[in-house]
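As provided, data09.txt (compact mmCIF, C-alpha atoms) reads as follows.
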```
# COMPACT_ATOMS: atom_id res chain seq x y z
CA MET Z 1 222.45 114.56 -36.79
CA ALA Z 2 226.03 115.48 -35.95
CA VAL Z 3 227.78 118.75 -36.71
CA VAL Z 4 230.86 118.84 -38.93
CA CYS Z 5 232.89 122.05 -38.55
CA ILE Z 6 235.25 123.13 -41.31
CA ARG Z 7 237.32 126.21 -41.88
CA GLY Z 8 239.67 127.93 -44.30
CA PRO Z 9 239.46 126.86 -47.94
CA LEU Z 10 237.14 123.99 -47.05
CA ARG Z 11 234.54 126.45 -45.87
CA ALA Z 12 234.79 128.34 -49.14
CA LEU Z 13 234.24 125.06 -51.02
CA ALA Z 14 231.08 124.37 -48.99
CA ASP Z 15 229.09 127.47 -49.91
CA GLY Z 16 230.81 129.50 -47.21
CA GLN Z 17 229.25 127.45 -44.40
CA GLY Z 18 231.48 126.57 -41.46
CA GLU Z 19 229.03 124.19 -39.73
CA HIS Z 20 227.14 121.35 -41.40
CA GLU Z 21 224.47 119.18 -39.79
CA LEU Z 22 224.81 115.73 -41.34
CA GLU Z 23 223.60 112.17 -40.85
CA GLY Z 24 226.11 109.42 -40.10
CA THR Z 25 227.37 107.04 -37.45
CA SER Z 26 231.11 107.36 -38.08
CA VAL Z 27 233.61 110.02 -39.06
CA ILE Z 28 234.00 108.58 -42.55
CA ALA Z 29 230.22 108.49 -43.06
CA LEU Z 30 229.96 112.15 -42.10
CA LEU Z 31 232.84 113.21 -44.31
CA LEU Z 32 231.32 111.34 -47.26
CA ALA Z 33 228.00 113.01 -46.49
CA LEU Z 34 229.78 116.37 -46.51
CA GLU Z 35 231.25 115.54 -49.95
CA ALA Z 36 227.81 114.51 -51.22
CA ALA Z 37 226.26 117.74 -50.03
CA HIS Z 38 229.14 119.87 -51.31
CA PRO Z 39 230.97 118.14 -54.20
CA GLY Z 40 233.63 120.84 -54.23
CA VAL Z 41 235.03 119.36 -51.01
CA ARG Z 42 235.62 115.99 -52.67
CA GLY Z 43 239.31 115.06 -52.57
CA TRP Z 44 240.28 117.77 -50.08
CA VAL Z 45 239.81 116.00 -46.73
CA LEU Z 46 239.65 112.39 -47.95
CA ASP Z 47 242.00 111.09 -50.62
CA GLU Z 48 241.09 108.63 -53.37
CA ARG Z 49 241.40 105.75 -50.92
CA GLY Z 50 238.82 107.24 -48.59
CA GLN Z 51 241.52 108.01 -46.03
CA ILE Z 52 241.78 111.26 -44.13
CA ARG Z 53 244.74 113.13 -45.59
CA ARG Z 54 247.96 112.84 -43.61
CA HIS Z 55 248.06 116.44 -42.45
CA ILE Z 56 244.38 116.81 -41.62
CA ASN Z 57 243.24 116.16 -38.06
CA VAL Z 58 239.70 115.26 -37.09
CA PHE Z 59 238.43 115.66 -33.55
CA VAL Z 60 235.17 114.21 -32.20
CA ASN Z 61 233.93 116.20 -29.24
CA GLY Z 62 237.50 117.41 -28.68
CA GLU Z 63 239.13 113.98 -28.87
CA ARG Z 64 241.34 112.90 -31.77
CA GLY Z 65 239.37 110.72 -34.17
CA ALA Z 66 239.93 108.64 -37.30
CA GLU Z 67 237.87 107.31 -40.17
CA ARG Z 68 236.07 104.64 -38.15
CA THR Z 69 235.53 106.62 -34.96
CA PRO Z 70 231.83 106.24 -33.98
CA VAL Z 71 229.68 109.35 -34.00
CA ALA Z 72 226.43 109.88 -32.15
CA PRO Z 73 223.67 112.42 -32.76
CA GLY Z 74 224.70 115.79 -31.42
CA ASP Z 75 228.42 115.10 -31.61
CA ARG Z 76 230.69 117.84 -32.89
CA ILE Z 77 233.37 116.96 -35.47
CA GLU Z 78 236.15 119.48 -36.09
CA VAL Z 79 238.25 119.19 -39.26
CA ILE Z 80 241.53 121.02 -38.71
CA PRO Z 81 244.75 121.28 -40.76
CA ALA Z 82 247.61 119.84 -38.70
CA ILE Z 83 250.60 121.94 -37.68
CA THR Z 84 252.78 119.23 -39.21
CA GLY Z 85 251.77 120.18 -42.73
CA GLY Z 86 253.98 123.23 -43.00
CA CYS Z 87 257.18 121.39 -43.78
CA ARG Z 88 257.06 122.00 -47.55
CA MET L 89 256.95 140.86 -73.98
CA THR L 90 257.73 137.56 -72.31
CA GLU L 91 255.75 136.21 -69.37
CA LEU L 92 257.46 133.88 -66.94
CA ALA L 93 255.36 131.58 -64.76
CA VAL L 94 257.51 130.75 -61.76
CA GLY L 95 256.24 127.91 -59.58
CA THR L 96 257.79 128.14 -56.13
CA LYS L 97 257.62 126.58 -52.70
CA LYS L 98 255.39 129.46 -51.62
CA GLY L 99 253.16 130.31 -54.53
CA LEU L 100 253.05 131.12 -58.21
CA PHE L 101 254.78 134.29 -59.38
CA LEU L 102 254.24 135.84 -62.79
CA LEU L 103 256.97 138.07 -64.19
CA GLU L 104 256.76 140.16 -67.35
CA GLY L 105 259.55 141.76 -69.30
CA GLU L 106 262.31 141.26 -71.84
CA PRO L 107 265.81 139.92 -71.37
CA HIS L 108 267.39 143.20 -72.48
CA ALA L 109 265.16 145.38 -70.28
CA GLY L 110 264.55 143.31 -67.17
CA PHE L 111 261.45 141.80 -65.58
CA GLU L 112 258.75 143.01 -63.22
CA LEU L 113 256.79 140.84 -60.83
CA THR L 114 253.14 141.26 -61.83
CA SER L 115 251.24 138.82 -59.62
CA ARG L 116 251.46 136.21 -56.90
CA SER L 117 248.91 133.41 -56.66
CA PHE L 118 248.43 130.58 -54.15
CA PRO L 119 250.37 132.32 -51.37
CA GLY L 120 252.02 129.85 -49.05
CA GLN L 121 251.22 126.88 -51.28
CA PRO L 122 253.80 124.77 -53.14
CA VAL L 123 253.25 125.31 -56.86
CA ASP L 124 255.07 122.45 -58.53
CA PHE L 125 254.37 123.43 -62.13
CA ALA L 126 252.63 126.25 -63.96
CA LEU L 127 252.06 126.90 -67.63
CA ARG L 128 250.14 129.31 -69.85
CA ASP L 129 248.54 127.58 -72.84
CA HIS L 130 249.35 130.04 -75.63
CA ARG L 131 246.45 128.65 -77.70
CA SER L 132 243.75 129.60 -75.20
CA GLY L 133 245.52 132.02 -72.90
CA ARG L 134 244.56 129.79 -69.97
CA ILE L 135 247.05 129.46 -67.11
CA PHE L 136 247.41 126.16 -65.25
CA ALA L 137 248.96 125.61 -61.84
CA GLY L 138 249.67 122.28 -60.19
CA VAL L 139 249.44 122.98 -56.47
CA THR L 140 250.30 120.42 -53.81
CA SER L 141 248.88 121.63 -50.54
CA PRO L 142 250.52 119.67 -47.73
CA PHE L 143 247.08 119.57 -46.13
CA TYR L 144 244.66 119.05 -48.99
CA GLY L 145 246.74 117.13 -51.53
CA PRO L 146 247.60 117.85 -55.17
CA LYS L 147 245.13 119.85 -57.24
CA LEU L 148 245.20 121.32 -60.72
CA PHE L 149 243.79 124.83 -61.05
CA TYR L 150 243.28 127.05 -64.06
CA THR L 151 242.20 130.58 -64.81
CA ASP L 152 241.24 132.47 -67.94
CA GLY L 153 241.35 135.82 -66.21
CA ASP L 154 243.29 137.71 -63.60
CA PRO L 155 245.82 135.31 -62.04
CA ALA L 156 245.51 137.20 -58.78
CA GLY L 157 241.77 136.41 -58.74
CA GLU L 158 239.70 133.23 -58.65
CA TRP L 159 240.96 129.95 -60.11
CA GLN L 160 238.89 126.91 -61.09
CA GLN L 161 239.76 123.38 -59.99
CA ALA L 162 240.08 120.90 -62.84
CA ASP L 163 238.06 117.68 -62.72
CA GLY L 164 239.32 114.12 -62.86
CA VAL L 165 242.80 114.66 -61.42
CA GLU L 166 242.73 111.59 -59.19
CA LEU L 167 243.54 107.91 -59.17
CA PRO L 168 240.91 105.14 -59.27
CA SER L 169 239.27 104.94 -55.86
CA ASP L 170 239.93 101.22 -55.48
CA CYS L 171 243.64 101.21 -56.28
CA GLY L 172 244.97 101.73 -52.77
CA LEU L 173 247.12 104.67 -53.84
CA ALA L 174 246.67 108.42 -53.81
CA LEU L 175 247.94 111.04 -56.21
CA GLU L 176 251.02 112.64 -54.68
CA ARG L 177 252.12 115.51 -56.90
CA ILE L 178 251.66 117.06 -60.32
CA TRP L 179 254.99 117.27 -62.12
CA VAL L 180 254.39 118.59 -65.61
CA ILE L 181 251.73 119.84 -68.02
CA ALA L 182 252.33 119.71 -71.78
CA LEU L 183 250.34 120.92 -74.77
CA GLY L 184 249.08 118.21 -77.11
CA GLU L 185 249.12 118.28 -80.90
CA ARG L 186 245.35 118.48 -81.31
CA PRO L 187 243.29 121.58 -80.49
CA GLY L 188 242.34 121.60 -76.83
CA SER L 189 244.57 118.63 -76.05
CA LEU L 190 246.85 118.63 -73.03
CA TYR L 191 248.83 116.06 -71.07
CA MET L 192 249.82 116.00 -67.45
CA GLY L 193 252.40 113.86 -65.67
CA ALA L 194 252.18 113.09 -61.97
CA ASP L 195 253.35 110.94 -59.09
CA PRO L 196 252.91 107.90 -58.90
CA GLY L 197 254.15 107.61 -62.50
CA VAL L 198 250.83 108.46 -64.11
CA LEU L 199 249.76 110.28 -67.25
CA PHE L 200 246.52 112.24 -67.58
CA GLU L 201 244.97 113.54 -70.79
CA SER L 202 242.49 116.33 -71.46
CA ASP L 203 240.57 117.03 -74.66
CA ASP L 204 238.64 120.05 -73.43
CA GLY L 205 241.38 122.57 -72.86
CA GLY L 206 242.29 121.27 -69.42
CA GLU L 207 238.95 121.50 -67.63
CA SER L 208 238.60 117.73 -67.20
CA TRP L 209 241.19 114.96 -67.26
CA GLN L 210 241.33 111.20 -67.73
CA LEU L 211 243.97 108.81 -66.51
CA ASN L 212 245.81 107.02 -69.31
CA ALA L 213 244.68 103.46 -68.68
CA ALA L 214 247.36 101.60 -70.64
CA LEU L 215 250.27 103.15 -68.75
CA TRP L 216 248.39 102.78 -65.47
CA ASN L 217 247.90 99.07 -66.20
CA GLU L 218 251.42 98.50 -67.55
CA PRO L 219 252.30 95.01 -66.22
CA SER L 220 255.72 96.08 -64.94
CA ARG L 221 254.27 98.91 -62.83
CA PRO L 222 254.42 96.97 -59.53
CA THR L 223 258.21 96.84 -59.88
CA TRP L 224 258.67 100.57 -60.59
CA GLN L 225 260.81 102.28 -57.99
CA PRO L 226 260.51 105.97 -57.07
CA GLY L 227 263.43 108.35 -57.36
CA GLY L 228 264.28 110.82 -54.62
CA GLY L 229 261.43 113.06 -55.73
CA GLY L 230 258.90 110.26 -55.85
CA LEU L 231 257.65 108.13 -58.72
CA CYS L 232 257.34 111.12 -60.96
CA LEU L 233 256.28 111.22 -64.59
CA HIS L 234 258.07 114.46 -65.32
CA SER L 235 258.67 114.64 -69.07
CA ILE L 236 256.10 114.52 -71.88
CA THR L 237 257.29 115.09 -75.43
CA THR L 238 254.80 115.24 -78.27
CA TRP L 239 255.67 114.65 -81.93
CA PRO L 240 254.91 117.74 -84.03
CA GLY L 241 252.08 117.00 -86.42
CA GLU L 242 251.58 113.42 -85.22
CA PRO L 243 249.26 113.44 -82.21
CA ASP L 244 249.37 109.67 -81.78
CA ARG L 245 253.08 109.62 -80.99
CA LEU L 246 254.36 110.46 -77.55
CA ALA L 247 257.40 109.85 -75.35
CA VAL L 248 257.23 110.17 -71.59
CA ALA L 249 259.82 109.61 -68.88
CA VAL L 250 259.44 108.42 -65.32
CA SER L 251 261.91 108.62 -62.47
CA ALA L 252 262.95 105.94 -61.91
CA ALA L 253 261.12 103.78 -64.47
CA GLY L 254 262.71 104.93 -67.72
CA VAL L 255 261.31 106.08 -71.05
CA TRP L 256 257.95 104.92 -72.39
CA LEU L 257 256.86 105.35 -76.01
CA THR L 258 253.49 105.15 -77.74
CA ASP L 259 252.52 105.32 -81.41
CA ASP L 260 248.78 104.81 -80.89
CA ARG L 261 247.81 107.76 -78.73
CA GLY L 262 248.53 105.99 -75.49
CA ALA L 263 246.60 102.80 -76.19
CA SER L 264 249.82 100.81 -75.76
CA TRP L 265 253.32 101.59 -74.50
CA ARG L 266 256.78 100.14 -74.98
CA ARG L 267 260.11 100.85 -73.32
CA GLY L 268 262.69 103.16 -74.90
CA ASN L 269 265.77 102.49 -72.83
CA ALA L 270 268.41 100.73 -74.97
CA GLY L 271 271.84 102.18 -74.28
CA LEU L 272 271.08 103.78 -70.92
CA ARG L 273 273.54 102.87 -68.18
CA ALA L 274 272.43 102.94 -64.55
CA ARG L 275 275.80 103.67 -62.99
CA TYR L 276 274.14 104.08 -59.59
CA LEU L 277 273.22 100.39 -59.41
CA PRO L 278 275.84 98.03 -57.98
CA GLN L 279 275.87 95.59 -60.87
CA ALA L 280 275.19 98.18 -63.58
CA PRO L 281 272.63 95.95 -65.33
CA GLY L 282 271.71 96.58 -68.92
CA PRO L 283 268.47 98.43 -69.62
CA GLU L 284 266.84 95.23 -70.79
CA GLU L 285 267.33 93.86 -67.28
CA THR L 286 265.88 96.68 -65.19
CA ASP L 287 263.30 99.43 -65.17
CA ASP L 288 265.21 101.23 -62.42
CA LEU L 289 266.26 103.96 -64.82
CA CYS L 290 266.36 107.41 -63.32
CA VAL L 291 265.66 109.72 -66.24
CA HIS L 292 265.86 113.33 -65.06
CA HIS L 293 264.56 115.13 -68.13
CA LEU L 294 263.61 114.41 -71.73
CA GLU L 295 263.17 116.83 -74.65
CA ARG L 296 262.47 116.33 -78.36
CA ALA L 297 264.03 118.34 -81.19
CA PRO L 298 260.85 119.51 -82.93
CA ARG L 299 262.44 120.05 -86.36
CA ARG L 300 263.84 116.50 -86.32
CA PRO L 301 261.34 114.70 -84.10
CA GLN L 302 263.10 111.36 -84.17
CA ARG L 303 265.86 113.08 -82.16
CA LEU L 304 265.56 113.39 -78.40
CA PHE L 305 267.95 114.60 -75.73
CA MET L 306 268.03 113.29 -72.17
CA GLN L 307 269.57 114.30 -68.88
CA PHE L 308 269.97 111.09 -66.93
CA HIS L 309 270.96 110.46 -63.32
CA GLY L 310 274.60 110.47 -64.36
CA GLY L 311 274.84 110.82 -68.11
CA VAL L 312 273.58 113.02 -70.93
CA TYR L 313 272.16 111.08 -73.88
CA ARG L 314 270.85 111.55 -77.41
CA SER L 315 268.51 109.35 -79.39
CA ASP L 316 268.17 109.50 -83.18
CA ASP L 317 265.54 106.78 -83.45
CA ALA L 318 262.62 108.38 -81.62
CA GLY L 319 263.72 107.17 -78.21
CA GLN L 320 264.32 103.51 -78.99
CA SER L 321 268.04 103.68 -78.20
CA TRP L 322 270.44 106.16 -76.66
CA SER L 323 274.08 107.25 -76.97
CA GLU L 324 276.07 109.09 -74.32
CA ILE L 325 277.00 112.64 -75.26
CA GLY L 326 278.16 114.00 -71.89
CA ARG L 327 281.88 114.09 -72.64
CA GLY L 328 283.18 117.63 -72.36
CA LEU L 329 280.84 118.67 -69.56
CA PRO L 330 282.27 119.42 -66.09
CA SER L 331 279.76 116.86 -64.80
CA ASP L 332 277.17 114.76 -66.56
CA PHE L 333 274.86 114.97 -63.53
CA GLY L 334 272.06 117.50 -63.56
CA PHE L 335 268.33 117.82 -63.89
CA PRO L 336 266.90 120.15 -66.54
CA LEU L 337 267.56 120.21 -70.27
CA VAL L 338 266.35 122.61 -72.97
CA VAL L 339 266.53 122.47 -76.77
CA ASP L 340 266.53 125.19 -79.39
CA PRO L 341 263.43 124.40 -81.47
CA ALA L 342 265.14 125.74 -84.58
CA ASP L 343 268.26 123.59 -84.34
CA PRO L 344 268.02 119.82 -83.83
CA ASP L 345 271.74 119.72 -83.02
CA CYS L 346 271.32 122.12 -80.11
CA ALA L 347 270.70 121.41 -76.44
CA PHE L 348 271.45 123.17 -73.17
CA VAL L 349 272.11 121.61 -69.75
CA ILE L 350 273.01 122.96 -66.32
CA PRO L 351 275.48 120.53 -64.76
CA LEU L 352 275.61 119.97 -61.01
CA VAL L 353 278.61 118.46 -59.26
CA ALA L 354 277.15 114.99 -58.62
CA ASP L 355 274.20 113.21 -57.06
CA MET L 356 275.89 113.54 -53.67
CA ASP L 357 276.50 117.29 -54.14
CA ARG L 358 273.75 118.87 -56.18
CA VAL L 359 275.19 122.36 -56.69
CA THR L 360 276.82 124.19 -59.58
CA PRO L 361 280.46 123.08 -59.99
CA GLU L 362 283.30 125.22 -58.66
CA GLY L 363 280.86 127.72 -57.20
CA ARG L 364 280.17 129.06 -60.70
CA VAL L 365 276.83 129.11 -62.51
CA ARG L 366 277.15 128.05 -66.12
CA VAL L 367 274.80 126.77 -68.75
CA TYR L 368 276.41 124.40 -71.26
CA GLU L 369 275.45 124.45 -74.90
CA THR L 370 275.99 122.01 -77.71
CA ARG L 371 275.42 122.93 -81.36
CA ASP L 372 276.68 119.64 -82.76
CA GLY L 373 274.37 117.11 -81.19
CA GLY L 374 276.54 116.65 -78.13
CA ALA L 375 279.92 116.11 -79.79
CA SER L 376 281.16 119.20 -77.94
CA TRP L 377 279.92 121.53 -75.23
CA ALA L 378 280.65 125.19 -74.49
CA ALA L 379 280.06 127.08 -71.24
CA ARG L 380 277.67 130.03 -71.36
CA GLY L 381 278.05 132.07 -68.21
CA VAL L 382 278.47 135.75 -69.07
CA GLY L 383 276.38 137.64 -66.55
CA LEU L 384 275.80 134.63 -64.28
CA PRO L 385 277.25 134.39 -60.75
CA ALA L 386 280.87 133.32 -61.07
CA LYS L 387 282.10 133.14 -57.49
CA HIS L 388 280.83 131.39 -54.35
CA ALA L 389 277.62 130.50 -56.15
CA TYR L 390 276.37 127.04 -55.18
CA LEU L 391 273.01 126.88 -56.85
CA THR L 392 270.61 124.00 -57.39
CA VAL L 393 268.41 124.09 -60.47
CA LEU L 394 265.54 121.60 -60.41
CA ARG L 395 264.30 119.57 -63.36
CA GLN L 396 261.37 121.83 -64.31
CA ALA L 397 263.14 125.12 -63.64
CA PHE L 398 264.78 125.69 -67.06
CA THR L 399 262.83 126.79 -70.10
CA ALA L 400 263.07 128.44 -73.50
CA ALA L 401 261.03 130.85 -75.59
CA SER L 402 261.33 131.73 -79.28
CA GLU L 403 264.10 130.02 -81.25
CA GLY L 404 267.26 130.41 -83.26
CA ALA L 405 269.24 133.62 -82.85
CA SER L 406 266.43 135.12 -80.76
CA LEU L 407 266.18 132.09 -78.48
CA GLN L 408 265.41 133.14 -74.93
CA LEU L 409 266.52 130.95 -72.02
CA TYR L 410 265.40 131.19 -68.41
CA PHE L 411 266.17 129.21 -65.28
CA GLY L 412 265.44 129.49 -61.60
CA SER L 413 267.24 128.19 -58.54
CA THR L 414 266.22 126.81 -55.18
CA SER L 415 267.85 129.91 -53.72
CA GLY L 416 265.11 132.02 -55.33
CA GLU L 417 266.89 133.59 -58.28
CA VAL L 418 265.70 133.68 -61.88
CA PHE L 419 268.16 134.28 -64.72
CA GLY L 420 267.41 135.01 -68.35
CA SER L 421 269.13 135.29 -71.70
CA GLY L 422 267.77 136.88 -74.87
CA ASP L 423 270.64 135.81 -77.11
CA ALA L 424 270.59 132.02 -76.88
CA GLY L 425 272.73 131.95 -73.75
CA ALA L 426 275.55 134.24 -74.90
CA SER L 427 274.77 136.70 -72.08
CA TRP L 428 272.51 136.62 -69.03
CA ILE L 429 270.60 138.95 -66.75
CA THR L 430 269.13 138.43 -63.32
CA ALA L 431 265.36 138.55 -63.77
CA ALA L 432 264.40 138.09 -60.12
CA THR L 433 265.98 137.54 -56.73
CA ARG L 434 264.78 136.56 -53.27
CA LEU L 435 261.83 134.49 -54.48
CA PRO L 436 260.99 131.29 -52.59
CA PRO L 437 262.75 128.16 -53.88
CA VAL L 438 261.94 127.83 -57.57
CA PHE L 439 260.32 124.51 -58.52
CA SER L 440 259.37 125.28 -62.12
CA LEU L 441 259.65 127.90 -64.80
CA THR L 442 257.83 128.27 -68.10
CA ALA L 443 257.77 131.15 -70.57
CA ALA L 444 255.04 132.48 -72.84
CA GLN L 445 255.10 135.22 -75.48
```
I'd like the structure from this file rewritten - as structure tokens, please.
Amino acid sequence: MAVVCIRGPLRALADGQGEHELEGTSVIALLLALEAAHPGVRGWVLDERGQIRRHINVFVNGERGAERTPVAPGDRIEVIPAITGGCR
Amino acid sequence: MTELAVGTKKGLFLLEGEPHAGFELTSRSFPGQPVDFALRDHRSGRIFAGVTSPFYGPKLFYTDGDPAGEWQQADGVELPSDCGLALERIWVIALGERPGSLYMGADPGVLFESDDGGESWQLNAALWNEPSRPTWQPGGGGLCLHSITTWPGEPDRLAVAVSAAGVWLTDDRGASWRRGNAGLRARYLPQAPGPEETDDLCVHHLERAPRRPQRLFMQFHGGVYRSDDAGQSWSEIGRGLPSDFGFPLVVDPADPDCAFVIPLVADMDRVTPEGRVRVYETRDGGASWAARGVGLPAKHAYLTVLRQAFTAASEGASLQLYFGSTSGEVFGSGDAGASWITAATRLPPVFSLTAAQ
């Protein structure tokens, strides 16, 4: 199991939980597992293509990750809005 | 009492009041979020807001209660997962002709439909699968389906407009679509091809005259047009305006010869001409235009009014008109444009404005 950490409106969409223990061997697998466990999150982090939205950053154990970044049991995945998203 | 739903760069603002007495700000929703379009469905009382979070993407929300409280997210507002594209922005929501029916236009040039009062939505498959779609080019604001005009009493008939992919018409409730572009001139293209030769037609706004539904008015990217054959063909009616460039257009529902536009200098200078804010009115189908600016800023006023930021309420002699600017002002008229008040100032840039009574 890895831990996916979310905050802000995402947390509210996931029953108020900030940390989620989920099964998966990649970032995308964990984010899909998060959507399956909390359907309200669907479409917020991943778009229709299954891509992480442009202004969302994902870190795996403190290092910048992407959809296919491998994840091991015990890893910590942080989902954080990017500072670049404030342009609009 | 009139309620104005003002979608801005930093949230949705509701104002209540009357043009002769002024307006009060009654609520702010989605603080910090771009609200591209908002509308109250007068049939149900439900308010909709199209919100494009730069982080979390476009979402449609609705509420039946206090707009300062909780909103629900509508279902189905997404593209097919295998298409390789993502929904970019919600541009417009329109009421359908059947009970509980609504339409929504969005980027990339897509139309959604709802039959349950806006709780769930379905992508219109025929327009999505239109064979020419791969050649459609976005305008400066994206590939936006921004105008949806229903036909009063005939729910199967619809006209929509896409920037920059022209006008599309259906007579079978969206099962099939055909172009409605004859007569449009794309002066911004080097060879100025005829409309039969290109879909690169940058329609800025489309409105139908509800008492004569075969008549439509259009603000084009350079040109104001009228159609008297339900959008099949178009004639230029912009002569007499200080500029035929602009974005929004409003009609008086009571008078099929009446339309209002807010000209901007040109595509390279999108501000009100001569530093004066004026709405232009025609009461003869576009044969002539008259400036309506009493009460509007008349000096050093270089405003931009976006395509969804001009709206009307009521009709005829009691027609109310409202528009908002990217400089955060909202203006209103309770006498069909003869005189104007300032309804709000110092709001964030205004993206959209709708009125409900």
Residues of chain Z within 10 Å of chain L, counting all atoms listed in the file - could you list those as a CSV table (one decimal) with C-alpha atoms, in the frame of the given file?
```
chain,number,residue,atom,x,y,z
Z,9,PRO,CA,239.5,126.9,-47.9
Z,10,LEU,CA,237.1,124.0,-47.0
Z,40,GLY,CA,233.6,120.8,-54.2
Z,41,VAL,CA,235.0,119.4,-51.0
Z,43,GLY,CA,239.3,115.1,-52.6
Z,44,TRP,CA,240.3,117.8,-50.1
Z,45,VAL,CA,239.8,116.0,-46.7
Z,46,LEU,CA,239.6,112.4,-48.0
Z,47,ASP,CA,242.0,111.1,-50.6
Z,48,GLU,CA,241.1,108.6,-53.4
Z,49,ARG,CA,241.4,105.8,-50.9
Z,50,GLY,CA,238.8,107.2,-48.6
Z,51,GLN,CA,241.5,108.0,-46.0
Z,52,ILE,CA,241.8,111.3,-44.1
Z,53,ARG,CA,244.7,113.1,-45.6
Z,54,ARG,CA,248.0,112.8,-43.6
Z,55,HIS,CA,248.1,116.4,-42.4
Z,56,ILE,CA,244.4,116.8,-41.6
Z,57,ASN,CA,243.2,116.2,-38.1
Z,80,ILE,CA,241.5,121.0,-38.7
Z,81,PRO,CA,244.8,121.3,-40.8
Z,82,ALA,CA,247.6,119.8,-38.7
Z,83,ILE,CA,250.6,121.9,-37.7
Z,84,THR,CA,252.8,119.2,-39.2
Z,85,GLY,CA,251.8,120.2,-42.7
Z,86,GLY,CA,254.0,123.2,-43.0
Z,87,CYS,CA,257.2,121.4,-43.8
Z,88,ARG,CA,257.1,122.0,-47.6
```
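Relative to CA of Gly16 in chain Z, CA of Asn61 in chain Z is found at 22.6 Å.
Separating CA of Asp129 in chain L from CA of Ser415 in chain L is a distance of 27.3 Å.
Straight-line separation from CA of Ser208 in chain L to CA of Pro39 in chain Z: 15.1 Å.
The residue that comes closest to Val359 in chain L, out of L:Ala389, L:Ala426, L:Leu211, L:Leu441 and on the basis of all atoms listed in the file, is L:Ala389.
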*Nearest to Ile28 in chain Z: which of Z:Ala66, Z:Ala12, Z:Val60, Z:Ala2 is it, counting only C-alpha atoms?*
Z:Ala66
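Within 6 Å of Pro344 in chain L, once all atoms listed in the file are used and residues closer than 2 positions along the same chain are dropped, the contacting residues are Ala297, Arg300 and Cys346 of chain L.
Nearest residue to Asp332 in chain L among L:Ala93, L:Leu409, L:Val312, L:Met306 is L:Val312, counting all atoms listed in the file.
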*Choose the residue, out of L:Pro240, L:Gly153, L:Gly262, L:Gly164, that has the smallest atom-to-atom separation from Arg42 in chain Z; count all atoms listed in the file.*
L:Gly164
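Residue nearest Arg366 in chain L within the list L:Tyr191, L:Phe439, L:Trp428, L:Phe335: L:Trp428 [criterion: smallest interatomic distance, all atoms listed in the file].
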N, CA and C atoms for range 39-51 of chain Z, written as an mmCIF file, in the coordinates of the input, could you do that?
```cif
data_model
loop_
_atom_site.group_PDB
_atom_site.id
_atom_site.type_symbol
_atom_site.label_atom_id
_atom_site.label_comp_id
_atom_site.auth_asym_id
_atom_site.auth_seq_id
_atom_site.Cartn_x
_atom_site.Cartn_y
_atom_site.Cartn_z
ATOM 1 N N PRO Z 39 229.984 118.883 -53.387
ATOM 2 C CA PRO Z 39 230.970 118.140 -54.200
ATOM 3 C C PRO Z 39 232.315 118.838 -54.337
ATOM 4 N N GLY Z 40 232.346 120.135 -54.147
ATOM 5 C CA GLY Z 40 233.630 120.840 -54.230
ATOM 6 C C GLY Z 40 234.623 120.395 -53.180
ATOM 7 N N VAL Z 41 234.144 119.810 -52.092
ATOM 8 C CA VAL Z 41 235.030 119.360 -51.010
ATOM 9 C C VAL Z 41 235.695 118.029 -51.345
ATOM 10 N N ARG Z 42 235.125 117.334 -52.340
ATOM 11 C CA ARG Z 42 235.620 115.990 -52.670
ATOM 12 C C ARG Z 42 237.120 116.030 -52.978
ATOM 13 N N GLY Z 43 237.879 115.150 -52.343
ATOM 14 C CA GLY Z 43 239.310 115.060 -52.570
ATOM 15 C C GLY Z 43 240.139 115.977 -51.696
ATOM 16 N N TRP Z 44 239.502 116.816 -50.899
ATOM 17 C CA TRP Z 44 240.280 117.770 -50.080
ATOM 18 C C TRP Z 44 240.566 117.222 -48.684
ATOM 19 N N VAL Z 45 239.588 116.567 -48.069
ATOM 20 C CA VAL Z 45 239.810 116.000 -46.730
ATOM 21 C C VAL Z 45 240.146 114.518 -46.853
ATOM 22 N N LEU Z 46 239.396 113.812 -47.690
ATOM 23 C CA LEU Z 46 239.650 112.390 -47.950
ATOM 24 C C LEU Z 46 240.370 112.256 -49.280
ATOM 25 N N ASP Z 47 241.358 111.355 -49.334
ATOM 26 C CA ASP Z 47 242.000 111.090 -50.620
ATOM 27 C C ASP Z 47 241.229 110.031 -51.388
ATOM 28 N N GLU Z 48 241.793 109.580 -52.510
ATOM 29 C CA GLU Z 48 241.090 108.630 -53.370
ATOM 30 C C GLU Z 48 240.786 107.326 -52.653
ATOM 31 N N ARG Z 49 241.588 107.009 -51.640
ATOM 32 C CA ARG Z 49 241.400 105.750 -50.920
ATOM 33 C C ARG Z 49 240.308 105.843 -49.861
ATOM 34 N N GLY Z 50 239.779 107.039 -49.668
ATOM 35 C CA GLY Z 50 238.820 107.240 -48.590
ATOM 36 C C GLY Z 50 239.499 107.422 -47.247
ATOM 37 N N GLN Z 51 240.773 107.772 -47.263
ATOM 38 C CA GLN Z 51 241.520 108.010 -46.030
ATOM 39 C C GLN Z 51 241.633 109.513 -45.763
#
```
